[in-house]
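Participant: Next up, structure_39.txt (compact mmCIF, C-alpha atoms).
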```txt
# COMPACT_ATOMS: atom_id res chain seq x y z
CA MET X 1 11.24 -31.80 -6.39
CA ARG X 2 7.53 -31.64 -5.60
CA PHE X 3 6.56 -28.11 -4.72
CA SER X 4 3.99 -27.03 -2.15
CA ARG X 5 0.38 -26.92 -3.28
CA ASN X 6 0.42 -23.32 -2.12
CA MET X 7 2.71 -22.53 -5.06
CA GLU X 8 -0.07 -23.55 -7.46
CA GLU X 9 -2.26 -20.84 -5.96
CA ILE X 10 0.30 -18.03 -6.08
CA SER X 11 0.92 -15.93 -9.18
CA ILE X 12 3.95 -13.82 -10.04
CA SER X 13 3.11 -10.13 -9.86
CA LYS X 14 2.57 -8.30 -13.14
CA THR X 15 4.21 -5.38 -11.38
CA ALA X 16 7.41 -7.44 -11.30
CA GLU X 17 7.05 -8.22 -15.02
CA VAL X 18 6.84 -4.52 -15.88
CA ALA X 19 9.68 -3.68 -13.47
CA ASP X 20 11.96 -6.33 -15.01
CA LEU X 21 11.33 -5.04 -18.54
CA ALA X 22 11.88 -1.43 -17.42
CA LEU X 23 15.22 -2.39 -15.85
CA SER X 24 16.25 -4.29 -18.98
CA LEU X 25 15.49 -1.28 -21.20
CA LYS X 26 17.35 1.02 -18.81
CA GLU X 27 20.43 -1.22 -18.97
CA LYS X 28 20.33 -0.91 -22.76
CA GLY X 29 20.65 2.87 -22.43
CA HIS X 30 17.02 3.97 -22.85
CA LYS X 31 15.69 6.89 -20.78
CA VAL X 32 12.91 5.08 -18.94
CA ILE X 33 10.40 7.16 -16.97
CA ASN X 34 9.36 4.91 -14.09
CA MET X 35 5.79 5.89 -13.21
CA ALA X 36 5.26 2.40 -11.76
CA SER X 37 7.34 3.05 -8.67
CA GLY X 38 5.81 2.68 -5.24
CA GLU X 39 8.37 4.89 -3.54
CA LEU X 40 9.01 8.59 -3.16
CA SER X 41 11.97 10.30 -4.82
CA PHE X 42 12.86 12.06 -1.53
CA ARG X 43 15.76 10.91 0.63
CA PRO X 44 15.16 10.07 4.30
CA ALA X 45 15.68 12.97 6.70
CA SER X 46 19.35 13.87 7.26
CA THR X 47 19.05 13.17 11.01
CA VAL X 48 17.83 9.65 10.23
CA ARG X 49 20.69 8.98 7.80
CA ARG X 50 23.27 10.31 10.27
CA LYS X 51 21.85 8.13 13.05
CA ALA X 52 22.22 5.02 10.88
CA CYS X 53 25.84 5.91 10.12
CA ARG X 54 26.63 6.43 13.81
CA VAL X 55 25.09 3.06 14.69
CA ILE X 56 27.23 1.32 12.06
CA ASN X 57 30.42 3.14 13.02
CA LYS X 58 29.94 2.31 16.70
CA GLY X 59 29.18 -1.32 15.88
CA GLU X 60 25.81 -1.21 17.67
CA THR X 61 24.42 -3.81 15.29
CA LEU X 62 23.65 -6.87 17.43
CA TYR X 63 20.28 -8.63 17.47
CA THR X 64 17.42 -6.93 19.30
CA GLN X 65 14.31 -8.38 20.91
CA VAL X 66 12.24 -10.39 18.41
CA ALA X 67 9.39 -7.87 18.56
CA GLY X 68 11.75 -4.91 18.22
CA LEU X 69 13.62 -2.56 20.52
CA ASN X 70 11.71 -1.62 23.66
CA GLU X 71 12.58 2.06 23.12
CA LEU X 72 11.22 1.98 19.57
CA ARG X 73 7.99 0.25 20.61
CA GLN X 74 7.44 2.79 23.38
CA LEU X 75 7.90 5.65 20.91
CA LEU X 76 5.44 3.94 18.56
CA SER X 77 3.00 3.72 21.45
CA ASP X 78 3.40 7.48 21.96
CA LYS X 79 2.97 8.12 18.22
CA LEU X 80 -0.27 6.11 18.01
CA LYS X 81 -1.68 7.96 21.01
CA LYS X 82 -0.75 11.33 19.54
CA ASP X 83 -1.84 10.69 15.94
CA LEU X 84 -4.85 8.40 16.41
CA ALA X 85 -5.83 8.96 20.06
CA VAL X 86 -5.56 5.19 20.62
CA ASP X 87 -3.68 3.66 23.58
CA TYR X 88 -1.36 0.73 22.95
CA LYS X 89 1.21 -0.57 25.42
CA SER X 90 4.63 -1.52 24.08
CA ASP X 91 3.80 -5.24 24.45
CA GLU X 92 0.84 -4.69 22.10
CA ILE X 93 3.22 -3.59 19.32
CA ILE X 94 5.48 -5.63 17.05
CA VAL X 95 8.17 -4.28 14.72
CA SER X 96 8.85 -6.33 11.58
CA ASN X 97 10.82 -6.31 8.34
CA GLY X 98 8.35 -4.10 6.49
CA GLY X 99 4.58 -3.75 6.69
CA LYS X 100 4.23 -6.77 4.41
CA GLN X 101 5.71 -9.04 7.08
CA VAL X 102 3.35 -7.61 9.69
CA ILE X 103 0.40 -8.61 7.49
CA TYR X 104 1.88 -12.04 6.78
CA ASN X 105 2.55 -12.67 10.50
CA ALA X 106 -1.02 -11.69 11.39
CA LEU X 107 -2.69 -13.89 8.76
CA GLN X 108 -0.30 -16.82 9.24
CA SER X 109 -0.99 -16.88 12.97
CA THR X 110 -4.80 -16.67 12.69
CA ILE X 111 -5.99 -18.30 9.46
CA ASN X 112 -7.02 -21.93 9.25
CA ARG X 113 -7.42 -23.58 5.83
CA GLY X 114 -10.65 -22.40 4.26
CA ASP X 115 -11.02 -19.25 6.34
CA GLU X 116 -12.11 -16.24 4.28
CA VAL X 117 -10.61 -12.76 4.19
CA ILE X 118 -12.53 -9.91 2.56
CA ILE X 119 -10.47 -7.42 0.55
CA VAL X 120 -11.70 -4.37 -1.35
CA SER X 121 -10.82 -4.02 -5.03
CA PRO X 122 -8.79 -2.19 -6.24
CA TYR X 123 -6.46 -3.69 -3.64
CA TRP X 124 -2.72 -3.83 -2.99
CA VAL X 125 -1.26 -6.63 -5.10
CA SER X 126 0.01 -8.73 -2.18
CA TYR X 127 -3.21 -9.05 -0.15
CA PRO X 128 -4.75 -12.00 -2.05
CA GLU X 129 -1.42 -13.79 -2.46
CA ILE X 130 -0.54 -13.57 1.25
CA ILE X 131 -4.03 -14.81 2.14
CA LYS X 132 -3.60 -17.83 -0.16
CA LEU X 133 -0.08 -18.51 1.17
CA CYS X 134 -1.60 -18.71 4.65
CA GLY X 135 -4.24 -21.22 3.50
CA GLY X 136 -7.09 -18.72 3.37
CA LYS X 137 -9.50 -17.70 0.64
CA PRO X 138 -9.66 -14.07 -0.53
CA LYS X 139 -13.17 -12.74 -1.18
CA VAL X 140 -13.25 -9.54 -3.21
CA LEU X 141 -15.64 -6.64 -2.74
CA HIS X 142 -15.49 -4.63 -5.98
CA SER X 143 -15.74 -0.88 -5.41
CA LYS X 144 -16.88 1.38 -8.25
CA ARG X 145 -14.98 4.17 -9.93
CA GLU X 146 -18.13 6.27 -10.26
CA GLU X 147 -18.65 6.01 -6.48
CA GLY X 148 -15.11 7.20 -5.73
CA PHE X 149 -14.00 3.66 -4.84
CA SER X 150 -15.88 3.83 -1.53
CA ILE X 151 -17.16 0.73 0.28
CA ASN X 152 -20.78 -0.32 -0.24
CA THR X 153 -21.67 -1.91 3.09
CA LYS X 154 -24.76 -3.67 1.69
CA LYS X 155 -22.61 -5.50 -0.85
CA LEU X 156 -20.00 -6.12 1.82
CA GLU X 157 -22.51 -7.78 4.12
CA LYS X 158 -23.49 -10.22 1.35
CA LEU X 159 -19.90 -11.49 1.27
CA ILE X 160 -19.84 -12.29 4.99
CA THR X 161 -20.16 -15.96 5.91
CA SER X 162 -19.47 -18.09 8.96
CA LYS X 163 -15.92 -18.55 7.59
CA THR X 164 -15.11 -14.83 7.40
CA LYS X 165 -12.04 -14.22 9.59
CA TRP X 166 -10.70 -10.78 8.53
CA LEU X 167 -11.68 -7.62 6.69
CA ILE X 168 -8.71 -5.67 5.27
CA LEU X 169 -9.01 -1.90 4.90
CA ASN X 170 -6.49 0.40 3.20
CA SER X 171 -6.90 4.18 3.31
CA PRO X 172 -5.32 6.18 1.72
CA ASN X 173 -5.55 3.45 -0.85
CA ASN X 174 -3.01 1.84 -3.11
CA PRO X 175 -3.62 1.95 -6.10
CA THR X 176 -6.41 4.54 -6.31
CA GLY X 177 -5.31 7.18 -3.81
CA ALA X 178 -8.88 7.17 -2.44
CA VAL X 179 -9.45 8.08 1.22
CA TYR X 180 -12.45 6.59 3.03
CA SER X 181 -14.81 9.27 4.23
CA PHE X 182 -16.10 9.63 7.79
CA GLU X 183 -19.51 8.45 6.57
CA THR X 184 -18.03 5.32 4.96
CA LEU X 185 -16.14 4.44 8.15
CA LYS X 186 -19.26 5.10 10.24
CA ASN X 187 -21.31 2.73 8.07
CA LEU X 188 -18.56 0.12 8.34
CA THR X 189 -18.50 0.46 12.11
CA GLU X 190 -22.25 -0.11 12.34
CA LEU X 191 -21.98 -3.20 10.15
CA LEU X 192 -19.04 -4.68 12.06
CA ARG X 193 -20.88 -4.35 15.37
CA LYS X 194 -23.26 -7.01 14.01
CA TYR X 195 -20.39 -9.42 13.37
CA PRO X 196 -18.17 -9.53 16.48
CA GLU X 197 -16.24 -12.56 15.19
CA ILE X 198 -14.70 -10.63 12.26
CA TRP X 199 -11.25 -9.11 12.76
CA ILE X 200 -10.21 -5.83 11.10
CA LEU X 201 -6.79 -5.21 9.57
CA SER X 202 -6.30 -1.50 8.97
CA ASP X 203 -3.39 -0.91 6.58
CA ASP X 204 -2.37 2.68 7.35
CA ILE X 205 0.94 2.71 5.49
CA TYR X 206 0.04 5.95 3.63
CA GLU X 207 -1.27 7.66 6.78
CA LYS X 208 1.25 10.53 6.55
CA LEU X 209 0.27 11.20 2.91
CA ASN X 210 -3.40 12.07 3.38
CA PHE X 211 -4.34 15.26 1.48
CA SER X 212 -8.04 15.25 2.36
CA SER X 213 -7.70 15.73 6.11
CA LYS X 214 -5.19 17.25 8.53
CA LYS X 215 -5.79 14.40 10.97
CA SER X 216 -6.05 10.73 10.09
CA ILE X 217 -9.18 8.87 11.12
CA ASN X 218 -9.03 5.17 11.88
CA ILE X 219 -12.12 2.99 12.25
CA ILE X 220 -11.15 2.44 15.91
CA ASN X 221 -11.68 6.18 16.53
CA LEU X 222 -15.37 5.68 15.78
CA ASP X 223 -15.83 2.74 18.13
CA LYS X 224 -13.19 1.95 20.76
CA ARG X 225 -14.68 -1.55 21.18
CA LEU X 226 -13.29 -2.50 17.77
CA LYS X 227 -9.78 -2.14 19.21
CA GLU X 228 -10.16 -5.58 20.81
CA ARG X 229 -10.28 -7.21 17.33
CA SER X 230 -8.28 -4.84 15.17
CA LEU X 231 -4.71 -4.71 13.96
CA ILE X 232 -3.22 -1.40 12.83
CA VAL X 233 -0.45 -1.91 10.26
CA ASN X 234 1.96 0.89 9.43
CA GLY X 235 5.62 1.47 8.70
CA PHE X 236 8.40 3.80 7.67
CA SER X 237 8.50 3.09 3.92
CA LYS X 238 6.14 5.70 2.53
CA GLY X 239 5.76 8.82 4.70
CA TYR X 240 9.30 8.58 6.05
CA CYS X 241 10.83 7.77 2.61
CA MET X 242 12.52 4.65 4.00
CA THR X 243 11.42 1.93 1.55
CA GLY X 244 14.71 0.01 1.38
CA TRP X 245 15.14 0.08 5.16
CA ARG X 246 12.37 -2.54 5.43
CA LEU X 247 10.70 -1.59 8.68
CA GLY X 248 7.03 -1.86 9.56
CA TYR X 249 4.99 -2.30 12.70
CA GLY X 250 1.67 -3.63 13.93
CA ALA X 251 -0.44 -2.67 16.94
CA GLY X 252 -3.18 -4.90 18.30
CA PRO X 253 -4.39 -7.06 21.18
CA LYS X 254 -1.56 -8.64 23.19
CA LEU X 255 -2.60 -12.23 22.38
CA LEU X 256 -2.46 -11.51 18.64
CA ILE X 257 0.90 -9.75 18.93
CA GLU X 258 2.30 -12.70 20.90
CA ALA X 259 1.14 -15.10 18.18
CA MET X 260 2.70 -12.88 15.49
CA LYS X 261 5.91 -12.72 17.51
CA LYS X 262 6.02 -16.52 17.56
CA ILE X 263 5.79 -16.62 13.73
CA GLN X 264 8.47 -13.93 13.43
CA SER X 265 10.80 -15.72 15.83
CA GLN X 266 10.85 -18.77 13.56
CA SER X 267 11.14 -16.91 10.24
CA THR X 268 13.19 -13.69 10.21
CA SER X 269 13.65 -13.17 13.94
CA ALA X 270 14.30 -9.55 14.98
CA PRO X 271 14.03 -6.79 12.36
CA ASN X 272 17.08 -4.89 11.08
CA THR X 273 18.87 -3.31 14.07
CA ILE X 274 20.31 -0.36 12.12
CA ALA X 275 16.91 0.50 10.66
CA GLN X 276 15.26 0.24 14.09
CA LYS X 277 17.68 2.72 15.68
CA ALA X 278 17.29 5.08 12.72
CA ALA X 279 13.50 4.78 13.09
CA ILE X 280 13.78 6.04 16.66
CA GLU X 281 15.23 9.23 15.18
CA ALA X 282 12.52 9.28 12.48
CA LEU X 283 9.79 9.26 15.11
CA ARG X 284 11.25 12.47 16.54
CA LEU X 285 10.81 14.36 13.26
CA ASP X 286 8.77 17.55 13.39
CA ASN X 287 5.44 17.57 11.57
CA SER X 288 6.84 20.17 9.17
CA TYR X 289 8.88 17.36 7.55
CA PHE X 290 5.69 15.59 6.45
CA GLU X 291 3.93 18.80 5.49
CA GLU X 292 6.79 19.63 3.13
CA ILE X 293 6.51 16.22 1.47
CA LYS X 294 2.73 16.52 1.16
CA SER X 295 3.03 20.01 -0.30
CA SER X 296 5.47 18.72 -2.91
CA LEU X 297 3.22 15.78 -3.77
CA ILE X 298 0.20 18.03 -4.20
CA LYS X 299 2.22 20.07 -6.72
CA ARG X 300 3.25 16.89 -8.53
CA LYS X 301 -0.33 15.69 -8.59
CA ALA X 302 -1.27 19.03 -10.18
CA VAL X 303 1.32 18.45 -12.91
CA VAL X 304 -0.38 15.16 -13.84
CA THR X 305 -3.89 16.60 -13.50
CA SER X 306 -2.98 19.50 -15.74
CA ALA X 307 -1.29 17.25 -18.31
CA PHE X 308 -4.40 15.10 -18.74
CA SER X 309 -7.03 17.83 -18.30
CA ASP X 310 -7.53 18.19 -22.07
CA PHE X 311 -7.32 14.47 -22.70
CA GLN X 312 -10.92 13.36 -22.32
CA SER X 313 -10.26 9.79 -23.42
CA PHE X 314 -8.20 9.27 -20.29
CA GLY X 315 -10.88 9.01 -17.59
CA SER X 316 -9.52 9.20 -14.06
CA ASN X 317 -10.36 9.87 -10.44
CA PHE X 318 -7.55 11.95 -9.00
CA SER X 319 -6.27 10.91 -5.64
CA GLN X 320 -6.84 12.29 -2.16
CA GLY X 321 -3.79 10.60 -0.70
CA ALA X 322 -0.75 8.37 -1.28
CA PHE X 323 0.86 9.26 -4.65
CA TYR X 324 -1.13 7.42 -7.30
CA ILE X 325 -3.85 7.98 -9.85
CA PHE X 326 -5.80 5.09 -11.32
CA PRO X 327 -7.24 6.04 -14.73
CA SER X 328 -9.49 3.87 -16.87
CA ILE X 329 -8.13 2.83 -20.28
CA LYS X 330 -11.26 1.07 -21.57
CA ARG X 331 -11.45 3.32 -24.63
CA PHE X 332 -8.08 2.08 -25.85
CA LEU X 333 -8.69 -1.65 -25.56
CA GLY X 334 -9.11 -3.43 -28.88
CA LYS X 335 -7.28 -0.67 -30.75
CA ARG X 336 -4.15 -1.22 -32.82
CA LEU X 337 -0.69 0.23 -32.44
CA ASN X 338 0.98 1.12 -35.75
CA GLY X 339 -1.71 -0.87 -37.54
CA ARG X 340 -0.36 -4.16 -36.18
CA ASP X 341 -0.39 -4.97 -32.48
CA ILE X 342 -3.78 -5.06 -30.76
CA ILE X 343 -4.11 -3.68 -27.23
CA VAL X 344 -5.97 -6.67 -25.81
CA ASP X 345 -5.95 -5.74 -22.12
CA ASP X 346 -4.34 -3.47 -19.52
CA THR X 347 -1.18 -5.59 -19.34
CA SER X 348 -0.79 -5.33 -23.11
CA PHE X 349 -1.26 -1.55 -22.85
CA CYS X 350 1.49 -1.28 -20.22
CA LEU X 351 3.98 -3.50 -22.03
CA HIS X 352 3.51 -1.68 -25.36
CA LEU X 353 3.74 1.72 -23.63
CA LEU X 354 7.01 0.65 -22.02
CA SER X 355 8.55 -0.91 -25.13
CA THR X 356 7.67 2.01 -27.46
CA GLU X 357 7.65 5.14 -25.27
CA TYR X 358 9.80 3.90 -22.37
CA VAL X 359 7.26 4.77 -19.68
CA ALA X 360 6.54 2.20 -16.95
CA VAL X 361 3.06 2.06 -15.39
CA VAL X 362 1.28 -0.87 -13.68
CA PRO X 363 -1.73 -2.76 -15.11
CA GLY X 364 -4.89 -2.44 -13.04
CA SER X 365 -5.55 -6.18 -13.19
CA SER X 366 -2.64 -6.55 -10.73
CA PHE X 367 -4.89 -4.75 -8.24
CA GLY X 368 -8.06 -6.73 -9.05
CA SER X 369 -9.46 -4.03 -11.34
CA LYS X 370 -8.86 -4.67 -15.01
CA ASP X 371 -9.01 -2.07 -17.80
CA SER X 372 -7.12 0.47 -15.66
CA ILE X 373 -3.53 1.51 -15.00
CA ARG X 374 -1.76 2.82 -11.93
CA ILE X 375 0.41 5.89 -12.39
CA SER X 376 2.72 7.07 -9.62
CA TYR X 377 3.37 10.79 -9.32
CA ALA X 378 6.17 10.33 -6.78
CA LEU X 379 8.72 11.33 -9.44
CA SER X 380 10.29 14.73 -10.04
CA GLU X 381 8.08 17.30 -11.78
CA LYS X 382 10.41 17.21 -14.80
CA ASP X 383 10.08 13.45 -15.22
CA LEU X 384 6.32 13.64 -14.65
CA ARG X 385 5.92 16.11 -17.52
CA ILE X 386 8.01 13.93 -19.82
CA GLY X 387 6.11 10.80 -18.76
CA CYS X 388 2.66 12.34 -19.24
CA LYS X 389 3.67 13.67 -22.66
CA ARG X 390 4.81 10.22 -23.74
CA ILE X 391 1.64 8.54 -22.44
CA LYS X 392 -0.54 10.97 -24.39
CA ARG X 393 1.56 10.44 -27.51
CA PHE X 394 1.19 6.67 -27.14
CA CYS X 395 -2.59 6.87 -26.70
CA LYS X 396 -2.94 9.06 -29.79
CA LYS X 397 -1.15 6.36 -31.85
CA LEU X 398 -3.86 3.81 -30.98
CA VAL X 399 -6.48 3.54 -33.74
```
Step by step, read the file and then write its structure as structure tokens.
Facilitator:
Amino acid sequence: MRFSRNMEEISISKTAEVADLALSLKEKGHKVINMASGELSFRPASTVRRKACRVINKGETLYTQVAGLNELRQLLSDKLKKDLAVDYKSDEIIVSNGGKQVIYNALQSTINRGDEVIIVSPYWVSYPEIIKLCGGKPKVLHSKREEGFSINTKKLEKLITSKTKWLILNSPNNPTGAVYSFETLKNLTELLRKYPEIWILSDDIYEKLNFSSKKSINIINLDKRLKERSLIVNGFSKGYCMTGWRLGYGAGPKLLIEAMKKIQSQSTSAPNTIAQKAAIEALRLDNSYFEEIKSSLIKRKAVVTSAFSDFQSFGSNFSQGAFYIFPSIKRFLGKRLNGRDIIVDDTSFCLHLLSTEYVAVVPGSSFGSKDSIRISYALSEKDLRIGCKRIKRFCKKLV
């Protein structure tokens, strides 16, 4: 078997390596605190769960339209108008098997070999790999911790070439929890006006988990003309606590959506019918549902902040959204554990932390920012306290 050349470009996620080891330790009976998880500990709303059960019991589980149920897409149109003040018709919306498939469909249908896509580091682990799978070349803009991981538009402009096809934005950000300010988005808008050939992919998956503002701001809000070359990506995994339901959606120009639909029709076809009908119920949830989740997450974030407040070696910028912090571990690199093993990099730090203290976190190099780790505070407050205590104990062993 001769494998595709694309396979030579793709790497297995370090997140998966940590997750596999954590599962193995759990199966052996160890109490593993999973602070690597990218999902909330909350269950989906009871109305959503009941709707899914009714759909199954009635046998309403046949295929839907490739782009998703018309009723669901119309409700998504209403949601986008209400939340972002942006008008999209139902035929400008596609529903897919998770936000990841929306991104893949978009890049697969637009990228020619050699086209460049600019991503901002720290970035979500799958961006560069999807770009490479689609024959493109990821170009990384490195944001700085001391600048709050904001985007420096002067440095961004230097990365732009005649081959630049897309710019991917993600706010609130995974893995840092950073939220782009109005000023940052304004500067981006001014820059993008100079380059009308560049498309914008706005990954808004953590939109409902923004602690810095009561109302989300998308770059399209600052310049409606950008709507003609933008794709908004969102889904039900994070804010709606529906990770395993695998349902995402994209909103953009009709021609782009039609191209994405063509890709989807020849890969997965229509998204999960049960999840779609449950999502219709999810879109009817009152805003108090999300406020309750945000309130709980803010308390959990405070647990982590408090736990590390007296631990100066553990430098961190605490998040404004999502449910992650992204501390630097530079001070611990090169140190020894129990006088033997050397902590050579962030992956080594994570693997030793997991194997000795049974706490799972994700190495920052997975997100294009080495010498850091991502900690999720989506766990219960009890588990967060235990996890933070173990992390501090581990760090104090390093000499």
Participant: Out of X:Met35, X:Val344, X:Leu283, X:Val95, which residue has the shortest atom-to-atom distance to Thr268 (chain X) when counting only C-alpha atoms?
Facilitator: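 Ranked by minimum distance to Thr268 (chain X), first place goes to X:Val95.
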Participant: With distances taken over all atoms listed in the file, which residue among X:Asn187, X:Ser171, X:Gly387, X:Ser369 lies nearest His142 (chain X)?
Facilitator: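 Counting all atoms listed in the file, the residue closest to His142 (chain X) is X:Ser369.
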Participant: For a cutoff of 8 Å around the file-coordinate point (18.7, 4.0, 13.1), which residues qualify once you count all atoms listed in the file? I'd like the result as a list of chain:residue names.
Facilitator: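 Result, sorted by chain then residue number: X:Val48, X:Arg49, X:Lys51, X:Ala52, X:Cys53, X:Val55, X:Thr273, X:Ile274, X:Ala275, X:Gln276, X:Lys277, X:Ala278, X:Ala279, X:Ile280, X:Glu281.
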Participant: Measuring atom to atom with all atoms listed in the file, identify which of X:Val303, X:Leu201, X:Ile130, X:Cys395 is nearest to Asp383 (chain X).
Facilitator: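 Looking at the shortest contact to Asp383 (chain X), the residue is X:Val303.
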Participant: Just want the 10 Å neighbourhood of region 72-80 of chain X, counted on all atoms listed in the file, with same-chain residues fewer than 3 positions away dropped. Output as a ChimeraX atom specification.
Facilitator: /X:67-69,83-95,232,249-251,276-281,283-284
Participant: What does the structure give for the distance between CA of Thr243 (chain X) and CA of Ile391 (chain X), in Å to one decimal?
Facilitator: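 So the answer is 26.7 Å.
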Participant: Between CA of Ile373 (chain X) and CA of Phe326 (chain X), measure the distance and give it in Å to one decimal.
Facilitator: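 Between CA of Ile373 (chain X) and CA of Phe326 (chain X) the gap is 5.6 Å.
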Participant: Counting all atoms listed in the file, which residue out of X:Phe211, X:Tyr206, X:Phe367, X:Tyr123 sits closest to Cys241 (chain X)?
Facilitator: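 Closest candidate: X:Tyr206.
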Participant: My list of candidates is X:Tyr127, X:Gln320, X:Ala307, X:Ala22. Which is closest to Arg390 (chain X) when distances are computed with all atoms listed in the file?
Facilitator: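 Once distances to Arg390 (chain X) are computed over all atoms listed in the file, the minimum belongs to X:Ala307.
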Participant: Find the residues near region 188-198 of chain X: any atom within 10 Å, counting only C-alpha atoms, skip ones fewer than 5 places away on the same chain, and give them as a list in words.
Facilitator: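 So, after excluding close chain neighbours, the residues are Val117, Ile118, Ile151, Asn152, Thr153, Lys154, Leu156, Glu157, Ile160, Thr161, Ser162, Lys163, Thr164, Lys165, Trp166, Leu167, Phe182, Glu183, Ile219, Ile220, Asn221, Leu222, Asp223, Arg225, Leu226, Glu228, Arg229 and Ser230 of chain X.
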Participant: Within 9 Å of (0.2, 1.5, 3.9), in the coordinates the file gives, what residues turn up when you count all atoms listed in the file, written out as a count of residues only?
Facilitator: 18
Participant: In Å, with one decimal, what is the gap from CA of Phe290 (chain X) to CA of Ser46 (chain X)?
Facilitator: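 According to the coordinates, CA of Phe290 (chain X) and CA of Ser46 (chain X) are separated by 13.8 Å.
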Participant: Just the residues within 9 Å of Gly334 (chain X), please, counting only C-alpha atoms, with nothing from its chain fewer than 3 positions along; format it as a list in words.
Facilitator: Lys330, Arg331, Ile342, Ile343, Val344, Asp345 and Val399 of chain X
Participant: For region 327-346 of chain X, supply N, CA and C atoms and report the output as a CSV table (one decimal), keeping the file's coordinate frame.
Facilitator:
```csv
chain,number,residue,atom,x,y,z
X,327,PRO,N,-6.3,5.8,-13.6
X,327,PRO,CA,-7.2,6.0,-14.7
X,327,PRO,C,-7.8,4.8,-15.4
X,328,SER,N,-8.9,4.9,-16.0
X,328,SER,CA,-9.5,3.9,-16.9
X,328,SER,C,-8.9,4.0,-18.3
X,329,ILE,N,-8.6,2.8,-18.9
X,329,ILE,CA,-8.1,2.8,-20.3
X,329,ILE,C,-9.1,2.0,-21.2
X,330,LYS,N,-10.3,1.9,-20.8
X,330,LYS,CA,-11.3,1.1,-21.6
X,330,LYS,C,-11.3,1.5,-23.0
X,331,ARG,N,-11.3,2.8,-23.3
X,331,ARG,CA,-11.4,3.3,-24.6
X,331,ARG,C,-10.3,2.9,-25.6
X,332,PHE,N,-9.2,2.4,-25.0
X,332,PHE,CA,-8.1,2.1,-25.8
X,332,PHE,C,-8.0,0.6,-26.1
X,333,LEU,N,-8.8,-0.2,-25.4
X,333,LEU,CA,-8.7,-1.6,-25.6
X,333,LEU,C,-9.3,-2.1,-26.9
X,334,GLY,N,-8.6,-3.0,-27.6
X,334,GLY,CA,-9.1,-3.4,-28.9
X,334,GLY,C,-8.5,-2.6,-30.0
X,335,LYS,N,-7.9,-1.5,-29.7
X,335,LYS,CA,-7.3,-0.7,-30.8
X,335,LYS,C,-5.9,-1.2,-31.1
X,336,ARG,N,-5.4,-0.7,-32.3
X,336,ARG,CA,-4.2,-1.2,-32.8
X,336,ARG,C,-3.1,-0.2,-32.7
X,337,LEU,N,-1.9,-0.6,-32.5
X,337,LEU,CA,-0.7,0.2,-32.4
X,337,LEU,C,0.1,0.0,-33.7
X,338,ASN,N,0.3,1.2,-34.5
X,338,ASN,CA,1.0,1.1,-35.8
X,338,ASN,C,0.3,0.2,-36.7
X,339,GLY,N,-1.0,0.0,-36.6
X,339,GLY,CA,-1.7,-0.9,-37.5
X,339,GLY,C,-1.5,-2.3,-37.4
X,340,ARG,N,-0.7,-2.7,-36.3
X,340,ARG,CA,-0.4,-4.2,-36.2
X,340,ARG,C,-0.8,-4.7,-34.8
X,341,ASP,N,-0.1,-4.4,-33.8
X,341,ASP,CA,-0.4,-5.0,-32.5
X,341,ASP,C,-1.7,-4.5,-31.9
X,342,ILE,N,-2.5,-5.4,-31.4
X,342,ILE,CA,-3.8,-5.1,-30.8
X,342,ILE,C,-3.6,-4.9,-29.3
X,343,ILE,N,-4.1,-3.9,-28.7
X,343,ILE,CA,-4.1,-3.7,-27.2
X,343,ILE,C,-5.3,-4.5,-26.7
X,344,VAL,N,-4.9,-5.7,-26.2
X,344,VAL,CA,-6.0,-6.7,-25.8
X,344,VAL,C,-6.5,-6.5,-24.4
X,345,ASP,N,-5.6,-6.0,-23.5
X,345,ASP,CA,-6.0,-5.7,-22.1
X,345,ASP,C,-5.0,-4.7,-21.5
X,346,ASP,N,-5.2,-4.5,-20.2
X,346,ASP,CA,-4.3,-3.5,-19.5
X,346,ASP,C,-2.9,-3.9,-19.5
```
